[in-house]
$ cat target.txt   # compact mmCIF, N, CA, C and O atoms
# COMPACT_ATOMS: atom_id res chain seq x y z
N MET A 1 37.86 80.75 -6.56
CA MET A 1 38.30 79.40 -6.81
C MET A 1 39.26 78.92 -5.72
O MET A 1 39.15 77.81 -5.25
N GLY A 2 40.20 79.77 -5.31
CA GLY A 2 41.13 79.40 -4.27
C GLY A 2 40.44 79.13 -2.95
O GLY A 2 40.79 78.20 -2.23
N ARG A 3 39.43 79.94 -2.65
CA ARG A 3 38.70 79.75 -1.40
C ARG A 3 37.92 78.43 -1.41
O ARG A 3 37.85 77.73 -0.41
N THR A 4 37.33 78.09 -2.57
CA THR A 4 36.60 76.83 -2.69
C THR A 4 37.53 75.65 -2.47
O THR A 4 37.20 74.71 -1.77
N MET A 5 38.71 75.71 -3.06
CA MET A 5 39.67 74.63 -2.89
C MET A 5 40.11 74.53 -1.44
O MET A 5 40.25 73.43 -0.90
N LEU A 6 40.31 75.67 -0.78
CA LEU A 6 40.70 75.67 0.63
C LEU A 6 39.60 75.07 1.49
O LEU A 6 39.86 74.25 2.37
N CYS A 7 38.35 75.42 1.22
CA CYS A 7 37.21 74.87 1.97
C CYS A 7 37.12 73.36 1.78
O CYS A 7 36.88 72.63 2.75
N ARG A 8 37.31 72.90 0.57
CA ARG A 8 37.26 71.46 0.32
C ARG A 8 38.42 70.74 1.01
O ARG A 8 38.26 69.65 1.55
N LEU A 9 39.59 71.36 0.99
CA LEU A 9 40.75 70.77 1.66
C LEU A 9 40.52 70.68 3.16
O LEU A 9 40.78 69.64 3.77
N ILE A 10 39.99 71.73 3.76
CA ILE A 10 39.68 71.72 5.19
C ILE A 10 38.62 70.68 5.49
O ILE A 10 38.73 69.93 6.46
N GLY A 11 37.59 70.62 4.68
CA GLY A 11 36.53 69.63 4.88
C GLY A 11 37.06 68.21 4.80
O GLY A 11 36.75 67.36 5.63
N THR A 12 37.90 67.96 3.82
CA THR A 12 38.50 66.63 3.67
C THR A 12 39.38 66.31 4.87
O THR A 12 39.36 65.20 5.39
N ALA A 13 40.14 67.29 5.32
CA ALA A 13 41.01 67.09 6.48
C ALA A 13 40.19 66.79 7.73
O ALA A 13 40.55 65.93 8.54
N LEU A 14 39.07 67.48 7.90
CA LEU A 14 38.21 67.23 9.06
C LEU A 14 37.63 65.82 9.05
O LEU A 14 37.63 65.14 10.07
N VAL A 15 37.15 65.40 7.90
CA VAL A 15 36.58 64.06 7.81
C VAL A 15 37.67 63.01 8.02
O VAL A 15 37.48 62.04 8.75
N ALA A 16 38.83 63.21 7.41
CA ALA A 16 39.94 62.26 7.59
C ALA A 16 40.37 62.21 9.04
O ALA A 16 40.63 61.13 9.59
N THR A 17 40.44 63.36 9.69
CA THR A 17 40.80 63.41 11.10
C THR A 17 39.77 62.66 11.94
O THR A 17 40.12 61.93 12.86
N ALA A 18 38.51 62.85 11.62
CA ALA A 18 37.45 62.18 12.38
C ALA A 18 37.55 60.66 12.26
O ALA A 18 37.33 59.94 13.22
N ILE A 19 37.89 60.20 11.08
CA ILE A 19 37.97 58.77 10.87
C ILE A 19 39.25 58.18 11.46
O ILE A 19 39.24 57.11 12.05
N LEU A 20 40.35 58.90 11.33
CA LEU A 20 41.64 58.37 11.75
C LEU A 20 42.05 58.76 13.17
O LEU A 20 43.02 58.24 13.69
N HIS A 21 41.33 59.69 13.77
CA HIS A 21 41.68 60.20 15.10
C HIS A 21 41.58 59.10 16.14
O HIS A 21 40.57 58.44 16.27
N PRO A 22 42.64 58.91 16.96
CA PRO A 22 42.55 57.90 18.01
C PRO A 22 41.58 58.33 19.09
O PRO A 22 41.44 59.52 19.36
N ASN A 23 40.90 57.37 19.70
CA ASN A 23 39.96 57.70 20.77
C ASN A 23 40.72 58.29 21.94
O ASN A 23 41.75 57.80 22.34
N SER A 24 40.21 59.38 22.47
CA SER A 24 40.80 60.00 23.65
C SER A 24 39.67 60.57 24.50
O SER A 24 38.54 60.67 24.06
N ALA A 25 39.99 60.95 25.70
CA ALA A 25 38.97 61.50 26.59
C ALA A 25 38.49 62.86 26.09
O ALA A 25 37.34 63.23 26.29
N ALA A 26 39.36 63.62 25.45
CA ALA A 26 39.00 64.97 25.03
C ALA A 26 38.13 65.00 23.78
O ALA A 26 37.31 65.87 23.61
N SER A 27 38.33 64.03 22.90
CA SER A 27 37.59 64.05 21.64
C SER A 27 37.47 62.62 21.13
O SER A 27 38.44 61.89 21.11
N GLN A 28 36.27 62.25 20.72
CA GLN A 28 36.06 60.90 20.23
C GLN A 28 35.52 60.96 18.81
O GLN A 28 34.58 61.69 18.54
N ALA A 29 36.14 60.19 17.94
CA ALA A 29 35.66 60.10 16.57
C ALA A 29 34.49 59.13 16.53
O ALA A 29 34.54 58.06 17.11
N MET A 30 33.43 59.53 15.87
CA MET A 30 32.29 58.65 15.73
C MET A 30 31.54 59.00 14.46
O MET A 30 31.54 60.15 14.05
N LEU A 31 30.98 58.02 13.84
CA LEU A 31 30.19 58.25 12.65
C LEU A 31 28.80 57.68 12.89
O LEU A 31 28.55 56.50 12.66
N ALA A 32 27.92 58.51 13.40
CA ALA A 32 26.53 58.12 13.64
C ALA A 32 25.68 58.96 12.70
O ALA A 32 25.70 60.19 12.78
N CYS A 33 24.94 58.32 11.82
CA CYS A 33 24.16 59.03 10.82
C CYS A 33 22.66 58.83 11.04
O CYS A 33 22.23 57.75 11.44
N ALA A 34 21.90 59.88 10.77
CA ALA A 34 20.44 59.86 10.87
C ALA A 34 19.92 61.14 10.21
O ALA A 34 20.70 61.95 9.70
N GLN A 35 18.61 61.33 10.23
CA GLN A 35 18.05 62.58 9.73
C GLN A 35 18.46 63.73 10.65
O GLN A 35 18.53 63.57 11.86
N ARG A 36 18.76 64.88 10.06
CA ARG A 36 19.26 66.03 10.82
C ARG A 36 18.34 66.38 11.98
O ARG A 36 18.79 66.62 13.10
N ALA A 37 17.04 66.42 11.73
CA ALA A 37 16.08 66.80 12.78
C ALA A 37 16.16 65.86 13.98
O ALA A 37 16.05 66.31 15.14
N ASP A 38 16.38 64.58 13.73
CA ASP A 38 16.48 63.61 14.82
C ASP A 38 17.74 63.83 15.65
O ASP A 38 17.71 63.78 16.89
N ILE A 39 18.86 64.10 14.98
CA ILE A 39 20.11 64.34 15.71
C ILE A 39 20.03 65.63 16.50
O ILE A 39 20.44 65.69 17.67
N VAL A 40 19.49 66.69 15.89
CA VAL A 40 19.36 67.98 16.58
C VAL A 40 18.49 67.82 17.83
O VAL A 40 18.84 68.33 18.90
N ALA A 41 17.38 67.12 17.72
CA ALA A 41 16.50 66.90 18.87
C ALA A 41 17.21 66.10 19.96
O ALA A 41 17.10 66.42 21.16
N PHE A 42 17.97 65.09 19.57
CA PHE A 42 18.73 64.29 20.53
C PHE A 42 19.78 65.13 21.25
O PHE A 42 19.91 65.07 22.48
N LEU A 43 20.54 65.95 20.50
CA LEU A 43 21.58 66.78 21.11
C LEU A 43 20.99 67.78 22.09
O LEU A 43 21.57 68.05 23.14
N ASP A 44 19.83 68.32 21.76
CA ASP A 44 19.17 69.27 22.65
C ASP A 44 18.65 68.57 23.91
O ASP A 44 18.91 69.02 25.03
N ALA A 45 17.96 67.47 23.74
CA ALA A 45 17.36 66.77 24.88
C ALA A 45 18.41 66.14 25.80
O ALA A 45 18.30 66.21 27.02
N ARG A 46 19.43 65.55 25.22
CA ARG A 46 20.42 64.80 26.01
C ARG A 46 21.54 65.67 26.56
O ARG A 46 22.00 65.48 27.68
N TYR A 47 22.02 66.65 25.77
CA TYR A 47 23.20 67.42 26.15
C TYR A 47 22.96 68.93 26.23
O TYR A 47 23.88 69.68 26.52
N SER A 48 21.76 69.38 25.90
CA SER A 48 21.43 70.82 25.84
C SER A 48 22.32 71.57 24.85
O SER A 48 22.63 72.74 25.03
N GLU A 49 22.73 70.88 23.79
CA GLU A 49 23.58 71.52 22.79
C GLU A 49 22.72 72.24 21.75
O GLU A 49 21.70 71.72 21.29
N LYS A 50 23.15 73.44 21.41
CA LYS A 50 22.47 74.27 20.42
C LYS A 50 23.45 74.59 19.29
O LYS A 50 24.67 74.58 19.48
N LEU A 51 22.91 74.93 18.12
CA LEU A 51 23.75 75.29 16.98
C LEU A 51 24.63 76.47 17.35
O LEU A 51 24.14 77.51 17.80
N SER A 52 25.93 76.31 17.16
CA SER A 52 26.89 77.34 17.55
C SER A 52 27.65 77.90 16.35
O SER A 52 28.02 79.07 16.35
N ALA A 53 27.90 77.07 15.34
CA ALA A 53 28.63 77.52 14.15
C ALA A 53 28.21 76.66 12.97
O ALA A 53 27.81 75.51 13.13
N ILE A 54 28.32 77.25 11.79
CA ILE A 54 27.94 76.54 10.57
C ILE A 54 28.83 77.02 9.43
O ILE A 54 29.25 78.18 9.39
N GLY A 55 29.17 76.11 8.53
CA GLY A 55 29.97 76.47 7.37
C GLY A 55 29.62 75.58 6.20
O GLY A 55 29.17 74.44 6.38
N GLN A 56 29.82 76.08 5.01
CA GLN A 56 29.50 75.32 3.81
C GLN A 56 30.77 74.66 3.28
O GLN A 56 31.78 75.33 3.04
N LEU A 57 30.73 73.33 3.15
CA LEU A 57 31.86 72.60 2.58
C LEU A 57 31.85 72.66 1.06
O LEU A 57 32.86 72.85 0.42
N ASP A 58 30.67 72.46 0.49
CA ASP A 58 30.46 72.59 -0.95
C ASP A 58 28.98 72.87 -1.18
O ASP A 58 28.25 73.10 -0.23
N ARG A 59 28.53 72.82 -2.43
CA ARG A 59 27.13 73.17 -2.72
C ARG A 59 26.14 72.21 -2.10
O ARG A 59 24.98 72.54 -1.93
N LYS A 60 26.57 71.01 -1.73
CA LYS A 60 25.65 70.01 -1.24
C LYS A 60 25.90 69.60 0.21
O LYS A 60 25.19 68.74 0.73
N THR A 61 26.88 70.19 0.87
CA THR A 61 27.25 69.75 2.21
C THR A 61 27.58 70.92 3.12
O THR A 61 28.29 71.84 2.72
N ILE A 62 27.04 70.86 4.34
CA ILE A 62 27.40 71.85 5.35
C ILE A 62 27.98 71.12 6.57
O ILE A 62 27.72 69.94 6.78
N ILE A 63 28.75 71.86 7.34
CA ILE A 63 29.28 71.33 8.58
C ILE A 63 28.73 72.21 9.70
O ILE A 63 28.63 73.44 9.54
N GLU A 64 28.29 71.59 10.78
CA GLU A 64 27.68 72.33 11.89
C GLU A 64 28.34 71.92 13.20
O GLU A 64 28.71 70.75 13.38
N ILE A 65 28.45 72.88 14.09
CA ILE A 65 28.94 72.60 15.44
C ILE A 65 27.85 72.99 16.43
O ILE A 65 27.34 74.11 16.39
N PHE A 66 27.50 72.05 17.28
CA PHE A 66 26.53 72.27 18.34
C PHE A 66 27.30 72.29 19.65
O PHE A 66 28.18 71.45 19.87
N ALA A 67 26.99 73.24 20.52
CA ALA A 67 27.70 73.34 21.79
C ALA A 67 26.73 73.68 22.91
O ALA A 67 25.67 74.27 22.68
N ALA A 68 27.11 73.29 24.12
CA ALA A 68 26.30 73.56 25.31
C ALA A 68 27.11 74.43 26.28
O ALA A 68 28.34 74.46 26.23
N GLU A 69 26.41 75.09 27.18
CA GLU A 69 27.08 75.90 28.19
C GLU A 69 27.99 75.05 29.06
O GLU A 69 28.98 75.54 29.61
N SER A 70 27.69 73.77 29.19
CA SER A 70 28.52 72.86 29.99
C SER A 70 29.88 72.62 29.35
O SER A 70 30.80 72.13 29.99
N GLY A 71 30.01 72.95 28.05
CA GLY A 71 31.26 72.75 27.33
C GLY A 71 31.26 71.58 26.38
O GLY A 71 32.17 71.41 25.58
N SER A 72 30.22 70.74 26.42
CA SER A 72 30.16 69.62 25.48
C SER A 72 29.88 70.16 24.08
O SER A 72 29.23 71.19 23.92
N TRP A 73 30.41 69.48 23.06
CA TRP A 73 30.18 69.92 21.68
C TRP A 73 30.13 68.72 20.75
O TRP A 73 30.65 67.65 21.04
N THR A 74 29.47 68.94 19.61
CA THR A 74 29.31 67.92 18.58
C THR A 74 29.49 68.57 17.22
O THR A 74 28.93 69.63 16.96
N MET A 75 30.27 67.93 16.34
CA MET A 75 30.45 68.40 14.97
C MET A 75 29.79 67.39 14.04
O MET A 75 29.99 66.18 14.21
N MET A 76 28.98 67.89 13.11
CA MET A 76 28.34 66.98 12.16
C MET A 76 28.31 67.59 10.77
O MET A 76 28.41 68.81 10.61
N VAL A 77 28.22 66.71 9.78
CA VAL A 77 28.07 67.14 8.39
C VAL A 77 26.67 66.75 7.94
O VAL A 77 26.14 65.72 8.35
N THR A 78 26.07 67.61 7.12
CA THR A 78 24.71 67.39 6.64
C THR A 78 24.68 67.60 5.13
O THR A 78 25.26 68.57 4.62
N ASN A 79 23.99 66.71 4.41
CA ASN A 79 23.86 66.88 2.96
C ASN A 79 22.50 67.47 2.63
O ASN A 79 21.66 67.67 3.51
N VAL A 80 22.27 67.73 1.36
CA VAL A 80 21.03 68.40 0.93
C VAL A 80 19.78 67.57 1.16
O VAL A 80 18.68 68.12 1.24
N SER A 81 19.92 66.27 1.32
CA SER A 81 18.74 65.43 1.57
C SER A 81 18.33 65.45 3.05
O SER A 81 17.32 64.86 3.40
N GLY A 82 19.12 66.13 3.90
CA GLY A 82 18.79 66.20 5.31
C GLY A 82 19.42 65.10 6.14
O GLY A 82 19.19 64.98 7.33
N ARG A 83 20.26 64.29 5.52
CA ARG A 83 20.97 63.22 6.24
C ARG A 83 22.22 63.82 6.88
O ARG A 83 23.00 64.50 6.23
N SER A 84 22.41 63.57 8.17
CA SER A 84 23.54 64.10 8.92
C SER A 84 24.35 62.97 9.52
O SER A 84 23.80 61.93 9.88
N CYS A 85 25.65 63.22 9.66
CA CYS A 85 26.54 62.28 10.33
C CYS A 85 27.36 63.03 11.37
O CYS A 85 27.98 64.05 11.05
N VAL A 86 27.34 62.54 12.58
CA VAL A 86 28.18 63.10 13.64
C VAL A 86 29.59 62.60 13.37
O VAL A 86 29.82 61.41 13.22
N ILE A 87 30.56 63.54 13.32
CA ILE A 87 31.92 63.12 13.03
C ILE A 87 32.86 63.31 14.22
O ILE A 87 33.86 62.62 14.31
N LEU A 88 32.57 64.24 15.12
CA LEU A 88 33.40 64.45 16.29
C LEU A 88 32.55 64.92 17.46
O LEU A 88 31.56 65.63 17.26
N THR A 89 32.95 64.56 18.66
CA THR A 89 32.34 65.09 19.88
C THR A 89 33.46 65.40 20.85
O THR A 89 34.57 64.87 20.73
N GLY A 90 33.19 66.28 21.80
CA GLY A 90 34.21 66.61 22.77
C GLY A 90 33.68 67.43 23.93
O GLY A 90 32.48 67.64 24.06
N GLN A 91 34.61 67.89 24.73
CA GLN A 91 34.29 68.69 25.92
C GLN A 91 35.10 69.99 25.89
O GLN A 91 36.02 70.14 25.10
N LYS A 92 34.74 70.90 26.77
CA LYS A 92 35.46 72.16 26.99
C LYS A 92 35.43 73.09 25.78
O LYS A 92 36.42 73.73 25.45
N TRP A 93 34.29 73.17 25.11
CA TRP A 93 34.12 74.11 24.00
C TRP A 93 34.11 75.52 24.54
O TRP A 93 33.50 75.81 25.57
N GLU A 94 34.78 76.44 23.87
CA GLU A 94 34.76 77.85 24.23
C GLU A 94 34.52 78.66 22.97
O GLU A 94 35.21 78.49 21.98
N SER A 95 33.52 79.53 23.04
CA SER A 95 33.27 80.43 21.93
C SER A 95 34.10 81.69 22.13
O SER A 95 34.12 82.25 23.23
N ILE A 96 34.79 82.09 21.08
CA ILE A 96 35.64 83.27 21.16
C ILE A 96 35.01 84.34 20.30
O ILE A 96 34.83 84.15 19.09
N PRO A 97 34.68 85.50 20.90
CA PRO A 97 34.08 86.56 20.10
C PRO A 97 35.08 87.13 19.10
O PRO A 97 36.29 87.17 19.37
N ALA A 98 34.57 87.52 17.94
CA ALA A 98 35.42 88.14 16.92
C ALA A 98 35.86 89.51 17.41
O ALA A 98 35.11 90.24 18.06
N LEU A 99 37.09 89.86 17.11
CA LEU A 99 37.59 91.18 17.47
C LEU A 99 36.96 92.24 16.59
O LEU A 99 36.68 91.98 15.41
N PRO A 100 36.74 93.44 17.11
CA PRO A 100 36.15 94.50 16.27
C PRO A 100 37.02 94.75 15.04
O PRO A 100 38.25 94.84 15.14
N GLY A 101 36.38 94.79 13.90
CA GLY A 101 37.08 95.09 12.65
C GLY A 101 37.71 93.88 11.98
O GLY A 101 38.16 93.97 10.86
N SER A 102 37.76 92.76 12.66
CA SER A 102 38.37 91.57 12.04
C SER A 102 37.30 90.80 11.28
O SER A 102 36.14 90.83 11.63
N LYS A 103 37.73 90.10 10.26
CA LYS A 103 36.81 89.27 9.48
C LYS A 103 37.22 87.83 9.65
O LYS A 103 38.37 87.48 9.43
N ALA A 104 36.24 87.00 10.05
CA ALA A 104 36.55 85.58 10.27
C ALA A 104 36.59 84.82 8.98
O ALA A 104 36.04 85.16 8.01

$ encode --input "target.txt" --output "structure tokens"
Amino acid sequence: MGRTMLCRLIGTALVATAILHPNSAASQAMLACAQRADIVAFLDARYSEKLSAIGQLDRKTIIEIFAAESGSWTMMVTNVSGRSCVILTGQKWESIPALPGSKA
């Protein structure tokens, strides 16, 4: 129960940050919605971004991060109907490997 509440709190904070975040060169808040397959195809064709991380916000919503070797990245939320909304984009993404024995 505590973990579910924490996940919902983080999800709410991410969406609020995306909406209220001031535009900057490093990260831009945007809400562009379409079918997930269409957004994924666009991110691959335009930016070479591939799925890099995924997490479940609740039973009906997941959050995904797509990143490219160039460092560009996109964060989006997707519901069970397949509708996705891009909530953040940015540059200089770095994947950090998990340390041996640690749990993320």

$ atom_distance --input "target.txt" --atom1 "atom N of Gly90 (chain A)" --atom2 "atom O of Lys60 (chain A)"
22.7 Å

$ residues_around --input "target.txt" --residues "Ala32 (chain A)" --least-positions-apart "3" --cutoff "12 Å" --atoms "only C-alpha atoms" --output "list in words"
Ala18, Ile19, Gln28, Ala29, Gln35, Arg36, Asp38, Ile39, Thr74, Met75, Met76, Val77, Thr78, Arg83, Ser84, Cys85, Val86, Ile87, Leu88 and Thr89 of chain A

$ closest_residue --input "target.txt" --among "A:Leu99, A:Asp44, A:Val80, A:Lys92" --to "Arg59 (chain A)" --atoms "only N, CA, C and O atoms"
A:Val80

$ residues_near_point --input "target.txt" --point "(28.0, 71.5, 18.7)" --cutoff "6 Å" --atoms "only N, CA, C and O atoms" --output "ChimeraX atom specification"
/A:50-52,64-68,72-75

$ atom_distance --input "target.txt" --atom1 "atom N of Tyr47 (chain A)" --atom2 "atom N of Trp93 (chain A)"
13.9 Å

$ atom_distance --input "target.txt" --atom1 "atom N of Thr61 (chain A)" --atom2 "atom O of Asn79 (chain A)"
6.4 Å
